[in-house]
file my_file-v9.tsv (TSV, C-alpha atoms)
chain	number	residue	atom	x	y	z
A	1	ILE	CA	20.13	-25.95	7.92
A	2	TYR	CA	17.79	-23.91	5.73
A	3	THR	CA	15.69	-26.94	4.80
A	4	LEU	CA	15.16	-28.32	8.33
A	5	SER	CA	11.66	-26.88	8.60
A	6	LEU	CA	10.81	-28.37	5.21
A	7	HIS	CA	11.50	-31.99	6.19
A	8	ASP	CA	7.82	-32.98	6.01
A	9	ALA	CA	7.12	-31.22	2.73
A	10	LEU	CA	6.15	-32.99	-0.45
A	11	PRO	CA	8.87	-35.13	-2.01
A	12	ILE	CA	11.92	-32.94	-2.32
A	13	SER	CA	15.20	-34.41	-3.47
A	14	LEU	CA	17.91	-32.77	-1.41
A	15	GLN	CA	20.47	-34.67	-3.49
A	16	LYS	CA	19.11	-33.11	-6.70
A	17	LEU	CA	19.03	-29.67	-5.08
A	18	ALA	CA	22.63	-30.13	-3.91
A	19	ALA	CA	23.73	-31.09	-7.43
A	20	GLU	CA	21.93	-28.09	-8.96
A	21	THR	CA	23.48	-25.68	-6.47
A	22	GLU	CA	27.04	-27.00	-6.37
A	23	GLY	CA	29.42	-24.13	-5.72
A	24	TYR	CA	26.77	-21.93	-4.13
A	25	ASN	CA	27.55	-20.35	-0.79
A	26	GLY	CA	25.35	-20.27	2.31
A	27	SER	CA	23.66	-16.99	1.44
A	28	ASP	CA	22.81	-18.33	-2.05
A	29	ILE	CA	21.19	-21.43	-0.52
A	30	GLU	CA	19.31	-19.29	1.98
A	31	ALA	CA	18.03	-17.09	-0.86
A	32	ILE	CA	16.84	-20.15	-2.79
A	33	CYS	CA	15.02	-21.55	0.24
A	34	ARG	CA	13.42	-18.18	0.96
A	35	GLU	CA	12.37	-17.73	-2.68
A	36	ALA	CA	10.92	-21.27	-2.85
A	37	THR	CA	8.90	-20.56	0.29
A	38	MET	CA	7.64	-17.25	-1.11
A	39	LEU	CA	6.64	-18.97	-4.36
A	40	ALA	CA	4.65	-21.54	-2.36
A	41	ILE	CA	2.96	-18.79	-0.32
A	42	ARG	CA	2.02	-16.81	-3.45
A	43	LYS	CA	0.66	-19.95	-5.10
A	44	HIS	CA	-1.34	-20.77	-1.97
A	45	ILE	CA	-2.84	-17.25	-1.80
A	46	LYS	CA	-3.72	-17.32	-5.50
A	47	ASN	CA	-5.43	-20.72	-5.19
A	48	ASN	CA	-7.30	-19.92	-1.94
A	49	LYS	CA	-8.70	-16.44	-2.50
A	50	GLU	CA	-12.24	-17.65	-1.82
A	51	GLN	CA	-11.42	-19.25	1.54
A	52	GLU	CA	-13.39	-17.91	4.48
A	53	ALA	CA	-11.35	-16.07	7.09
A	54	SER	CA	-12.85	-18.23	9.83
A	55	GLU	CA	-11.69	-21.45	8.18
A	56	LYS	CA	-8.49	-23.04	9.36
A	57	PRO	CA	-5.91	-22.38	6.64
A	58	PRO	CA	-4.40	-25.46	5.02
A	59	LYS	CA	-0.72	-26.14	5.51
A	60	ILE	CA	1.41	-24.56	2.80
A	61	GLN	CA	3.60	-27.08	0.99
A	62	VAL	CA	6.90	-26.14	-0.63
A	63	THR	CA	7.38	-28.42	-3.62
A	64	MET	CA	10.33	-29.48	-5.74
A	65	GLU	CA	8.86	-27.29	-8.49
A	66	ASP	CA	9.04	-24.29	-6.14
A	67	PHE	CA	12.72	-25.02	-5.51
A	68	GLU	CA	13.44	-25.46	-9.22
A	69	GLN	CA	11.80	-22.12	-10.00
A	70	ALA	CA	13.66	-20.48	-7.12
A	71	ILE	CA	17.00	-21.78	-8.39
A	72	LYS	CA	16.25	-20.36	-11.86
A	73	ARG	CA	15.33	-16.97	-10.36
A	74	ILE	CA	18.40	-16.79	-8.14
A	75	LYS	CA	20.70	-17.86	-11.01
A	76	GLU	CA	19.18	-15.11	-13.18
A	77	GLN	CA	19.64	-12.55	-10.41
A	78	GLN	CA	23.28	-13.58	-9.99
A	79	LYS	CA	23.84	-13.40	-13.75
A	80	ASN	CA	22.36	-9.89	-13.88
A	81	LYS	CA	24.44	-8.83	-10.88
A	82	ASN	CA	27.63	-10.15	-12.46
A	83	GLU	CA	26.86	-8.43	-15.77
A	84	THR	CA	26.25	-5.15	-13.94
A	85	GLU	CA	29.52	-5.48	-12.01
A	86	GLU	CA	31.43	-6.22	-15.24
A	87	THR	CA	29.89	-3.14	-16.89
A	88	ILE	CA	30.96	-0.95	-13.98
A	89	LEU	CA	34.53	-2.25	-14.10

call {"tool": "encode", "arguments": {"input": "my_file-v9.tsv", "output": "structure tokens"}}
result
Amino acid sequence: IYTLSLHDALPISLQKLAAETEGYNGSDIEAICREATMLAIRKHIKNNKEQEASEKPPKIQVTMEDFEQAIKRIKEQQKNKNETEETIL
């Protein structure tokens, strides 16, 4: 569901993403998709600072690299959250 709007993006292996996120719940997958999109937006802004405001902006592409980075970030966030919860208990 969360990747439907990404169907025309650069080559993204949904099978690889599924394997890397096995056991994740829906909110985890949503967070990964959102993070990958934000990474692509940040990269686009960084690379197009000189673009004129009147120019038509190019389409932002979410890449497999964006997803891989997003998965790493979300895994790290979950690890930190779990460590914090264990400390509290």

call {"tool": "closest_residue", "arguments": {"input": "my_file-v9.tsv", "among": "A:Ala40, A:Met64, A:Ile45, A:Ala31", "to": "Gln78 of chain A", "atoms": "all atoms listed in the file"}}
result
A:Ala31

call {"tool": "closest_residue", "arguments": {"input": "my_file-v9.tsv", "among": "A:Leu14, A:Ala19, A:Ala70, A:Ile60", "to": "Arg34 of chain A", "atoms": "all atoms listed in the file"}}
result
A:Ala70

call {"tool": "atom_distance", "arguments": {"input": "my_file-v9.tsv", "atom1": "atom CA of His44 of chain A", "atom2": "atom CA of Tyr24 of chain A"}}
result
28.2 Å

call {"tool": "atom_distance", "arguments": {"input": "my_file-v9.tsv", "atom1": "atom CA of Ala18 of chain A", "atom2": "atom CA of Lys43 of chain A"}}
result
24.2 Å

call {"tool": "residues_near_point", "arguments": {"input": "my_file-v9.tsv", "point": "(8.7, -27.2, -1.4)", "cutoff": "8 Å", "atoms": "all atoms listed in the file", "output": "list in words"}}
result
Leu6, Ala9, Leu10, Pro11, Ile12, Ala36, Thr37, Ala40, Gln61, Val62, Thr63, Met64, Glu65, Asp66 and Phe67 of chain A

call {"tool": "closest_residue", "arguments": {"input": "my_file-v9.tsv", "among": "A:Lys56, A:Thr21, A:Gln69, A:Asn80", "to": "Met38 of chain A", "atoms": "only C-alpha atoms"}}
result
A:Gln69

call {"tool": "closest_residue", "arguments": {"input": "my_file-v9.tsv", "among": "A:Thr87, A:Arg42, A:Ile32, A:Pro58", "to": "Glu20 of chain A", "atoms": "all atoms listed in the file"}}
result
A:Ile32

call {"tool": "atom_distance", "arguments": {"input": "my_file-v9.tsv", "atom1": "atom CA of Asp28 of chain A", "atom2": "atom CA of Glu86 of chain A"}}
result
19.9 Å
